[in-house]
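Next comes entry29.csv, a file with CSV, C-alpha atoms.
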chain,number,residue,atom,x,y,z
A,7,MET,CA,80.4,76.4,106.4
A,8,ARG,CA,83.3,74.1,106.7
A,9,ILE,CA,86.2,74.5,104.2
A,10,ALA,CA,88.9,71.8,104.0
A,11,ILE,CA,92.2,73.2,102.6
A,12,MET,CA,94.7,70.5,101.4
A,13,VAL,CA,98.2,71.8,102.0
A,14,GLU,CA,101.7,70.5,101.5
A,15,GLY,CA,103.1,70.7,105.0
A,16,ASP,CA,104.1,72.6,108.1
A,17,THR,CA,104.8,76.0,106.4
A,18,GLU,CA,101.2,76.2,105.2
A,19,LEU,CA,100.0,75.1,108.6
A,20,ALA,CA,101.8,78.1,110.1
A,21,PHE,CA,99.9,80.3,107.6
A,22,LYS,CA,96.5,79.1,109.0
A,23,ARG,CA,96.4,81.4,112.0
A,24,HIS,CA,97.3,84.5,109.9
A,25,LEU,CA,94.7,83.6,107.2
A,26,THR,CA,92.1,83.0,109.8
A,27,ASP,CA,92.8,86.3,111.5
A,28,TYR,CA,92.5,88.2,108.2
A,29,LEU,CA,89.3,86.5,107.2
A,30,LYS,CA,87.7,87.2,110.6
A,31,GLN,CA,88.1,90.9,109.9
A,32,HIS,CA,86.2,90.7,106.6
A,33,LEU,CA,83.7,87.9,107.2
A,34,GLN,CA,82.1,88.9,110.5
A,35,GLY,CA,79.1,86.7,111.1
A,36,ARG,CA,80.0,84.5,108.0
A,37,MET,CA,83.4,83.1,109.1
A,38,PRO,CA,83.8,79.5,107.9
A,39,ARG,CA,85.5,76.7,109.8
A,40,LEU,CA,88.9,76.1,108.1
A,41,ASP,CA,90.3,72.6,108.4
A,42,PHE,CA,93.9,72.5,107.0
A,43,VAL,CA,94.8,69.0,105.8
A,44,PRO,CA,98.6,68.5,105.5
A,45,TYR,CA,100.2,66.0,103.2
A,46,HIS,CA,103.8,66.3,104.5
A,47,GLY,CA,105.6,66.9,101.2
A,48,ARG,CA,103.2,67.6,98.4
A,49,ILE,CA,99.6,67.4,97.3
A,50,PRO,CA,98.7,64.1,95.8
A,51,LYS,CA,98.2,63.8,92.0
A,52,GLY,CA,95.9,62.0,89.7
A,53,ALA,CA,93.4,59.4,91.0
A,54,THR,CA,94.8,59.8,94.6
A,55,LEU,CA,93.9,63.5,94.6
A,56,LYS,CA,90.4,62.7,93.3
A,57,ARG,CA,89.9,60.0,96.0
A,58,ASN,CA,91.1,62.3,98.8
A,59,VAL,CA,88.8,65.1,97.7
A,60,GLU,CA,85.8,62.8,97.6
A,61,ASN,CA,86.6,61.5,101.1
A,62,LEU,CA,86.7,65.1,102.4
A,63,LEU,CA,83.3,65.7,100.9
A,64,LEU,CA,81.7,62.6,102.3
A,65,VAL,CA,78.6,63.1,104.4
A,66,GLY,CA,79.5,62.8,108.1
A,67,ARG,CA,80.6,64.8,111.1
A,68,SER,CA,83.7,66.2,109.3
A,69,GLN,CA,82.1,66.7,105.9
A,70,ALA,CA,83.5,69.7,104.1
A,71,ASP,CA,81.2,72.0,102.1
A,72,LEU,CA,84.2,73.1,99.9
A,73,VAL,CA,87.6,71.6,99.3
A,74,ILE,CA,90.5,73.7,98.3
A,75,ALA,CA,93.8,72.2,97.2
A,76,LEU,CA,96.9,74.4,97.5
A,77,THR,CA,100.0,73.2,95.8
A,78,ASP,CA,103.4,74.8,95.0
A,79,VAL,CA,104.2,75.1,91.3
A,80,TYR,CA,107.8,74.4,92.2
A,81,THR,CA,107.7,70.8,93.7
A,82,GLY,CA,111.4,70.0,93.1
A,83,THR,CA,110.6,67.1,90.7
A,84,ARG,CA,112.4,66.5,87.4
A,85,PRO,CA,110.8,67.1,85.0
A,86,PRO,CA,108.6,69.6,86.7
A,87,ASP,CA,105.0,68.6,87.4
A,88,PHE,CA,103.7,72.1,86.4
A,89,THR,CA,104.8,74.9,84.2
A,90,ASP,CA,103.0,77.6,86.1
A,91,ALA,CA,100.1,78.2,88.5
A,92,ALA,CA,97.5,78.0,85.6
A,93,ASP,CA,98.9,74.7,84.5
A,94,ALA,CA,98.8,73.3,88.1
A,95,LYS,CA,95.2,74.4,88.6
A,96,ASN,CA,94.1,73.0,85.2
A,97,LYS,CA,95.7,69.6,86.0
A,98,MET,CA,94.2,69.4,89.4
A,99,ARG,CA,90.8,70.2,87.9
A,100,GLN,CA,91.3,67.4,85.4
A,101,TRP,CA,92.3,64.9,88.0
A,102,VAL,CA,89.4,65.6,90.2
A,103,GLY,CA,86.8,65.9,87.4
A,104,ASN,CA,83.4,67.6,87.5
A,105,GLU,CA,83.1,68.5,91.2
A,106,PRO,CA,81.8,72.0,91.8
A,107,ARG,CA,82.8,71.8,95.5
A,108,PHE,CA,86.5,71.6,94.6
A,109,ARG,CA,88.7,74.6,94.0
A,110,PRO,CA,92.4,74.2,93.0
A,111,HIS,CA,94.9,76.9,93.8
A,112,ALA,CA,98.7,77.2,93.4
A,113,ALA,CA,101.5,79.3,95.0
A,114,GLN,CA,103.7,80.5,92.2
A,115,HIS,CA,106.4,79.4,92.5
A,116,ASP,CA,106.3,78.3,96.1
A,117,PHE,CA,104.6,79.4,99.3
A,118,GLU,CA,107.5,81.7,100.2
A,119,ALA,CA,106.7,84.0,97.3
A,120,TRP,CA,103.9,85.2,99.7
A,121,LEU,CA,106.6,86.2,102.2
A,122,LEU,CA,108.8,88.2,99.8
A,123,PRO,CA,106.7,91.4,100.2
A,124,TYR,CA,108.0,91.4,103.8
A,125,TRP,CA,111.7,91.5,102.9
A,126,PRO,CA,112.7,94.1,105.5
A,127,THR,CA,111.4,91.7,108.2
A,128,ILE,CA,113.4,88.9,106.5
A,129,GLN,CA,116.5,91.0,106.6
A,130,ARG,CA,116.1,91.8,110.3
A,131,LEU,CA,115.5,88.1,111.1
A,132,ALA,CA,118.5,87.0,109.1
A,133,GLY,CA,120.8,89.8,110.2
A,134,HIS,CA,121.8,90.7,106.6
A,135,ASN,CA,121.0,93.5,104.2
A,136,ARG,CA,120.9,91.5,101.0
A,137,ASN,CA,118.6,93.1,98.5
A,138,ALA,CA,115.2,91.7,97.8
A,139,PRO,CA,114.6,89.7,94.6
A,140,GLY,CA,113.5,92.0,91.8
A,141,GLY,CA,110.1,92.1,90.2
A,142,ASP,CA,106.8,90.8,91.4
A,143,PRO,CA,107.0,88.2,94.2
A,144,GLU,CA,105.2,85.5,92.3
A,145,ASN,CA,107.5,85.9,89.2
A,146,VAL,CA,110.7,84.9,91.1
A,147,ASN,CA,111.8,82.0,88.9
A,148,HIS,CA,111.9,78.2,88.9
A,149,THR,CA,115.6,77.8,89.0
A,150,ASN,CA,116.0,79.8,92.2
A,151,PRO,CA,112.6,79.8,93.9
A,152,PRO,CA,111.6,82.1,96.8
A,153,SER,CA,112.2,79.5,99.5
A,154,ARG,CA,115.8,79.2,98.4
A,155,ARG,CA,116.2,83.0,98.3
A,156,ILE,CA,115.1,83.2,101.9
A,157,GLN,CA,117.3,80.3,102.9
A,158,GLU,CA,120.3,82.0,101.3
A,159,ILE,CA,119.9,85.2,103.2
A,160,PHE,CA,119.5,83.4,106.5
A,161,GLU,CA,122.7,81.3,105.9
A,162,VAL,CA,124.9,84.3,105.0
A,163,GLY,CA,123.4,86.6,107.7
A,164,GLN,CA,124.7,87.2,111.3
A,165,ARG,CA,122.2,84.6,112.5
A,166,ARG,CA,124.1,81.8,110.8
A,167,ASP,CA,121.1,79.6,111.0
A,168,SER,CA,119.2,78.2,108.1
A,169,TYR,CA,115.6,79.2,107.3
A,170,ASN,CA,113.2,77.0,109.3
A,171,LYS,CA,110.0,77.1,107.2
A,172,PRO,CA,107.2,76.8,109.8
A,173,ARG,CA,109.1,78.8,112.5
A,174,ASP,CA,110.3,81.7,110.4
A,175,ALA,CA,107.2,81.9,108.2
A,176,ASN,CA,105.1,82.3,111.3
A,177,HIS,CA,107.5,84.9,112.7
A,178,ILE,CA,107.5,86.9,109.4
A,179,LEU,CA,103.7,86.8,109.1
A,180,SER,CA,103.2,87.7,112.8
A,181,LYS,CA,105.0,91.0,112.3
A,182,ASN,CA,103.1,92.1,109.1
A,183,ASP,CA,99.7,92.8,107.6
A,184,LEU,CA,98.6,89.9,105.4
A,185,SER,CA,96.8,92.3,103.1
A,186,VAL,CA,100.1,93.6,101.8
A,187,ALA,CA,100.9,90.2,100.3
A,188,ILE,CA,97.3,89.7,99.1
A,189,LEU,CA,97.5,92.9,97.1
A,190,ARG,CA,100.9,92.1,95.6
A,191,CYS,CA,100.4,88.4,94.9
A,192,PRO,CA,97.5,87.5,92.5
A,193,GLU,CA,97.5,83.8,93.3
A,194,LEU,CA,97.2,84.5,97.1
A,195,ARG,CA,94.5,87.0,96.3
A,196,ALA,CA,92.7,84.3,94.2
A,197,LEU,CA,92.8,81.9,97.2
A,198,VAL,CA,91.3,84.5,99.5
A,199,ASN,CA,88.6,85.4,97.0
A,200,THR,CA,87.6,81.8,96.7
A,201,ILE,CA,86.9,81.8,100.4
A,202,PHE,CA,85.1,85.2,100.2
A,203,GLN,CA,82.9,84.0,97.4
A,204,ALA,CA,82.0,80.8,99.2
A,205,CYS,CA,81.0,82.8,102.3
A,206,GLY,CA,79.2,85.7,100.6
A,207,GLY,CA,82.0,88.2,101.1
A,208,ALA,CA,83.1,91.0,98.8
A,209,VAL,CA,85.9,89.9,96.5
A,210,ILE,CA,89.2,91.8,96.2
A,211,PRO,CA,89.7,93.4,92.8

Reformat the file's structure so that it appears as structure tokens.
Amino acid sequence: MRIAIMVEGDTELAFKRHLTDYLKQHLQGRMPRLDFVPYHGRIPKGATLKRNVENLLLVGRSQADLVIALTDVYTGTRPPDFTDAADAKNKMRQWVGNEPRFRPHAAQHDFEAWLLPYWPTIQRLAGHNRNAPGGDPENVNHTNPPSRRIQEIFEVGQRRDSYNKPRDANHILSKNDLSVAILRCPELRALVNTIFQACGGAVIP
């Protein structure tokens, strides 16, 4: 099986290796080919999203059996494109239409929410003991999203270097077990379960 995953940029590309390693542990003999398709900023909207999904599903050497779109809820636009992950997924379904081989997913509020469970690693990398944001990682709010929280601790820490999304996301994930974030982050768990379901694996409750 070939699964195309539409992603926003380099940070999500850094996530590919860690997601692949996790899936290999749970889908032995059923591991799909994952093709990450970056859009260098944000997932397209409306008719452009529909057209891109259709192109990925076209019969040919690179035909996908399933297309997943992964967007951030927090896109930085004013007014916001989405109110929450459910709204983002509903809108993407509407834009693409009745296509059973398409699955929309959203990181609430951005990809870095899935790094927040690893705050001790973030503290060590930044060289600062600032406390982790309170509450569930995916409930860190719109006005100060997870990516900004991580950027802030890097910039006040001993490292004195701003957060570099692909470099530091990869470093954080390399030092930790992805299952920790999967269990704490329902939207990440939903993404993983979509892949498990498509490949005949057991879903995570």

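For the set A:Val162, A:Met98, A:Leu33, A:Val13, the residue with the smallest atom-to-atom gap to Thr54 of chain A is A:Met98, counting all atoms listed in the file.
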
*Quick one, how far is atom CA of Cys205 of chain A from atom CA of Ala20 of chain A?*
22.7 Å

*Please write as number ranges by chain the list of polymer residues whose atoms come within 12 Å of (105.4, 69.2, 90.6), counting all atoms listed in the file and keeping to the coordinates of the file.*
A: 14, 47-52, 77-91, 93-95, 97-98, 112-116, 148

*asked:* Please list as a PyMOL selection string every residue within 8 Å of Leu72 of chain A, counting only C-alpha atoms and excluding residues in the same chain fewer than 2 positions away.
replied: chain A and resi 8-10+63+70+74+107-109

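Comparing the minimum interatomic distances between Pro143 of chain A and each of A:Asp16, A:Glu105, A:Glu193, A:Asp167, counting all atoms listed in the file, we find that A:Glu193 sits nearest.
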
*Long-range neighbours of segment 188-192 of chain A as a PyMOL selection string, 7 Å cut-off, all atoms listed in the file, 4 positions minimum in chain*: chain A and resi 120+143-144+184+196

_Length of the atom CA of Met12 of chain A to atom CA of Asp41 of chain A vector [Å]_ = 8.5 Å

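Among the candidates A:Thr26, A:Ser68, A:Gln34, A:Asn104, the residue lying nearest to Lys56 of chain A is A:Asn104 (atoms considered: only C-alpha atoms).
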
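Relative to atom CA of Ala75 of chain A, atom CA of Ile11 of chain A is found at 5.7 Å.
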
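With distances taken over all atoms listed in the file, A:Ala119 is the one residue among A:Val73, A:His177, A:Ser168, A:Ala119 lying closest to Ser153 of chain A.
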
*Given the choices A:Asn170, A:Gln69, A:Asn145, A:Asn182, which gets closest to Trp125 of chain A if the distance is worked out from all atoms listed in the file?*
A:Asn182

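Nearest to Gly103 of chain A of all the residues A:Glu60, A:Asp183, A:Glu158, A:Glu118 is A:Glu60, counting all atoms listed in the file.
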
*Is there a way to get, as a list in words, all residues within 10 Å of the point (126.1, 89.3, 104.2) in file coordinates, counting only C-alpha atoms?*
Ala132, Gly133, His134, Asn135, Arg136, Glu158, Ile159, Phe160, Glu161, Val162, Gly163 and Gln164 of chain A

Just the residues within 12 Å of Gly206 of chain A, please, counting only C-alpha atoms, with nothing from its chain fewer than 3 positions along; format it as an mmCIF file with C-alpha atoms, keeping the file's coordinate frame.
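Generated output (result.cif):
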data_model
loop_
_atom_site.group_PDB
_atom_site.id
_atom_site.type_symbol
_atom_site.label_atom_id
_atom_site.label_comp_id
_atom_site.auth_asym_id
_atom_site.auth_seq_id
_atom_site.Cartn_x
_atom_site.Cartn_y
_atom_site.Cartn_z
ATOM 1 C CA MET A 7 80.400 76.400 106.400
ATOM 2 C CA HIS A 32 86.200 90.700 106.600
ATOM 3 C CA LEU A 33 83.700 87.900 107.200
ATOM 4 C CA GLN A 34 82.100 88.900 110.500
ATOM 5 C CA GLY A 35 79.100 86.700 111.100
ATOM 6 C CA ARG A 36 80.000 84.500 108.000
ATOM 7 C CA MET A 37 83.400 83.100 109.100
ATOM 8 C CA PRO A 38 83.800 79.500 107.900
ATOM 9 C CA ASN A 199 88.600 85.400 97.000
ATOM 10 C CA THR A 200 87.600 81.800 96.700
ATOM 11 C CA ILE A 201 86.900 81.800 100.400
ATOM 12 C CA PHE A 202 85.100 85.200 100.200
ATOM 13 C CA GLN A 203 82.900 84.000 97.400
ATOM 14 C CA VAL A 209 85.900 89.900 96.500
#

Could you please fill out segment 58-83 of chain A with N, CA, C and O atoms and send it back as a PDB file, in the coordinates of the input?
ATOM      1  N   ASN A  58      90.986  61.564  97.569  1.00  0.00           N
ATOM      2  CA  ASN A  58      91.100  62.300  98.800  1.00  0.00           C
ATOM      3  C   ASN A  58      90.053  63.454  98.863  1.00  0.00           C
ATOM      4  O   ASN A  58      89.485  63.739  99.917  1.00  0.00           O
ATOM      5  N   VAL A  59      89.813  64.106  97.731  1.00  0.00           N
ATOM      6  CA  VAL A  59      88.800  65.100  97.700  1.00  0.00           C
ATOM      7  C   VAL A  59      87.417  64.544  97.964  1.00  0.00           C
ATOM      8  O   VAL A  59      86.623  65.086  98.751  1.00  0.00           O
ATOM      9  N   GLU A  60      87.120  63.433  97.340  1.00  0.00           N
ATOM     10  CA  GLU A  60      85.800  62.800  97.600  1.00  0.00           C
ATOM     11  C   GLU A  60      85.648  62.388  99.027  1.00  0.00           C
ATOM     12  O   GLU A  60      84.544  62.538  99.582  1.00  0.00           O
ATOM     13  N   ASN A  61      86.709  61.918  99.664  1.00  0.00           N
ATOM     14  CA  ASN A  61      86.600  61.500 101.100  1.00  0.00           C
ATOM     15  C   ASN A  61      86.324  62.744 101.965  1.00  0.00           C
ATOM     16  O   ASN A  61      85.558  62.650 102.933  1.00  0.00           O
ATOM     17  N   LEU A  62      86.922  63.889 101.645  1.00  0.00           N
ATOM     18  CA  LEU A  62      86.700  65.100 102.400  1.00  0.00           C
ATOM     19  C   LEU A  62      85.250  65.606 102.274  1.00  0.00           C
ATOM     20  O   LEU A  62      84.717  66.281 103.157  1.00  0.00           O
ATOM     21  N   LEU A  63      84.631  65.276 101.140  1.00  0.00           N
ATOM     22  CA  LEU A  63      83.300  65.700 100.900  1.00  0.00           C
ATOM     23  C   LEU A  63      82.204  64.729 101.327  1.00  0.00           C
ATOM     24  O   LEU A  63      81.006  65.013 101.203  1.00  0.00           O
ATOM     25  N   LEU A  64      82.639  63.589 101.851  1.00  0.00           N
ATOM     26  CA  LEU A  64      81.700  62.600 102.300  1.00  0.00           C
ATOM     27  C   LEU A  64      80.795  63.088 103.409  1.00  0.00           C
ATOM     28  O   LEU A  64      81.257  63.806 104.308  1.00  0.00           O
ATOM     29  N   VAL A  65      79.538  62.698 103.365  1.00  0.00           N
ATOM     30  CA  VAL A  65      78.600  63.100 104.400  1.00  0.00           C
ATOM     31  C   VAL A  65      79.047  62.460 105.739  1.00  0.00           C
ATOM     32  O   VAL A  65      79.380  61.279 105.813  1.00  0.00           O
ATOM     33  N   GLY A  66      79.068  63.283 106.782  1.00  0.00           N
ATOM     34  CA  GLY A  66      79.500  62.800 108.100  1.00  0.00           C
ATOM     35  C   GLY A  66      79.808  63.998 108.987  1.00  0.00           C
ATOM     36  O   GLY A  66      79.635  65.162 108.597  1.00  0.00           O
ATOM     37  N   ARG A  67      80.310  63.716 110.163  1.00  0.00           N
ATOM     38  CA  ARG A  67      80.600  64.800 111.100  1.00  0.00           C
ATOM     39  C   ARG A  67      81.627  65.762 110.618  1.00  0.00           C
ATOM     40  O   ARG A  67      81.599  66.944 110.949  1.00  0.00           O
ATOM     41  N   SER A  68      82.592  65.290 109.826  1.00  0.00           N
ATOM     42  CA  SER A  68      83.700  66.200 109.300  1.00  0.00           C
ATOM     43  C   SER A  68      83.502  66.526 107.871  1.00  0.00           C
ATOM     44  O   SER A  68      84.461  66.927 107.223  1.00  0.00           O
ATOM     45  N   GLN A  69      82.293  66.398 107.337  1.00  0.00           N
ATOM     46  CA  GLN A  69      82.100  66.700 105.900  1.00  0.00           C
ATOM     47  C   GLN A  69      82.415  68.141 105.602  1.00  0.00           C
ATOM     48  O   GLN A  69      81.999  69.068 106.304  1.00  0.00           O
ATOM     49  N   ALA A  70      83.160  68.348 104.532  1.00  0.00           N
ATOM     50  CA  ALA A  70      83.500  69.700 104.100  1.00  0.00           C
ATOM     51  C   ALA A  70      82.428  70.144 103.058  1.00  0.00           C
ATOM     52  O   ALA A  70      81.936  69.345 102.256  1.00  0.00           O
ATOM     53  N   ASP A  71      82.083  71.417 103.110  1.00  0.00           N
ATOM     54  CA  ASP A  71      81.200  72.000 102.100  1.00  0.00           C
ATOM     55  C   ASP A  71      81.981  72.403 100.853  1.00  0.00           C
ATOM     56  O   ASP A  71      81.418  72.497  99.754  1.00  0.00           O
ATOM     57  N   LEU A  72      83.282  72.648 101.043  1.00  0.00           N
ATOM     58  CA  LEU A  72      84.200  73.100  99.900  1.00  0.00           C
ATOM     59  C   LEU A  72      85.544  72.510 100.239  1.00  0.00           C
ATOM     60  O   LEU A  72      85.988  72.525 101.393  1.00  0.00           O
ATOM     61  N   VAL A  73      86.221  72.019  99.204  1.00  0.00           N
ATOM     62  CA  VAL A  73      87.600  71.600  99.300  1.00  0.00           C
ATOM     63  C   VAL A  73      88.492  72.412  98.462  1.00  0.00           C
ATOM     64  O   VAL A  73      88.231  72.574  97.262  1.00  0.00           O
ATOM     65  N   ILE A  74      89.525  72.961  99.052  1.00  0.00           N
ATOM     66  CA  ILE A  74      90.500  73.700  98.300  1.00  0.00           C
ATOM     67  C   ILE A  74      91.843  72.934  98.379  1.00  0.00           C
ATOM     68  O   ILE A  74      92.240  72.456  99.440  1.00  0.00           O
ATOM     69  N   ALA A  75      92.495  72.776  97.232  1.00  0.00           N
ATOM     70  CA  ALA A  75      93.800  72.200  97.200  1.00  0.00           C
ATOM     71  C   ALA A  75      94.834  73.286  96.888  1.00  0.00           C
ATOM     72  O   ALA A  75      94.662  74.033  95.914  1.00  0.00           O
ATOM     73  N   LEU A  76      95.857  73.409  97.726  1.00  0.00           N
ATOM     74  CA  LEU A  76      96.900  74.400  97.500  1.00  0.00           C
ATOM     75  C   LEU A  76      98.231  73.762  97.336  1.00  0.00           C
ATOM     76  O   LEU A  76      98.783  73.163  98.257  1.00  0.00           O
ATOM     77  N   THR A  77      98.739  73.832  96.116  1.00  0.00           N
ATOM     78  CA  THR A  77     100.000  73.200  95.800  1.00  0.00           C
ATOM     79  C   THR A  77     101.038  74.320  95.446  1.00  0.00           C
ATOM     80  O   THR A  77     100.662  75.422  95.021  1.00  0.00           O
ATOM     81  N   ASP A  78     102.327  74.017  95.605  1.00  0.00           N
ATOM     82  CA  ASP A  78     103.400  74.800  95.000  1.00  0.00           C
ATOM     83  C   ASP A  78     103.518  74.485  93.554  1.00  0.00           C
ATOM     84  O   ASP A  78     103.334  73.319  93.170  1.00  0.00           O
ATOM     85  N   VAL A  79     103.855  75.461  92.721  1.00  0.00           N
ATOM     86  CA  VAL A  79     104.200  75.100  91.300  1.00  0.00           C
ATOM     87  C   VAL A  79     105.579  74.448  91.335  1.00  0.00           C
ATOM     88  O   VAL A  79     105.789  73.457  90.635  1.00  0.00           O
ATOM     89  N   TYR A  80     106.508  74.951  92.140  1.00  0.00           N
ATOM     90  CA  TYR A  80     107.800  74.400  92.200  1.00  0.00           C
ATOM     91  C   TYR A  80     107.792  73.227  93.251  1.00  0.00           C
ATOM     92  O   TYR A  80     107.750  73.462  94.462  1.00  0.00           O
ATOM     93  N   THR A  81     107.786  71.986  92.761  1.00  0.00           N
ATOM     94  CA  THR A  81     107.700  70.800  93.700  1.00  0.00           C
ATOM     95  C   THR A  81     109.050  70.113  93.788  1.00  0.00           C
ATOM     96  O   THR A  81     109.164  69.145  94.543  1.00  0.00           O
ATOM     97  N   GLY A  82     110.060  70.572  93.034  1.00  0.00           N
ATOM     98  CA  GLY A  82     111.400  70.000  93.100  1.00  0.00           C
ATOM     99  C   GLY A  82     111.532  68.713  92.267  1.00  0.00           C
ATOM    100  O   GLY A  82     112.591  68.074  92.284  1.00  0.00           O
ATOM    101  N   THR A  83     110.514  68.315  91.516  1.00  0.00           N
ATOM    102  CA  THR A  83     110.600  67.100  90.700  1.00  0.00           C
ATOM    103  C   THR A  83     111.219  67.419  89.349  1.00  0.00           C
ATOM    104  O   THR A  83     111.181  68.537  88.867  1.00  0.00           O
TER     105      THR A  83
END
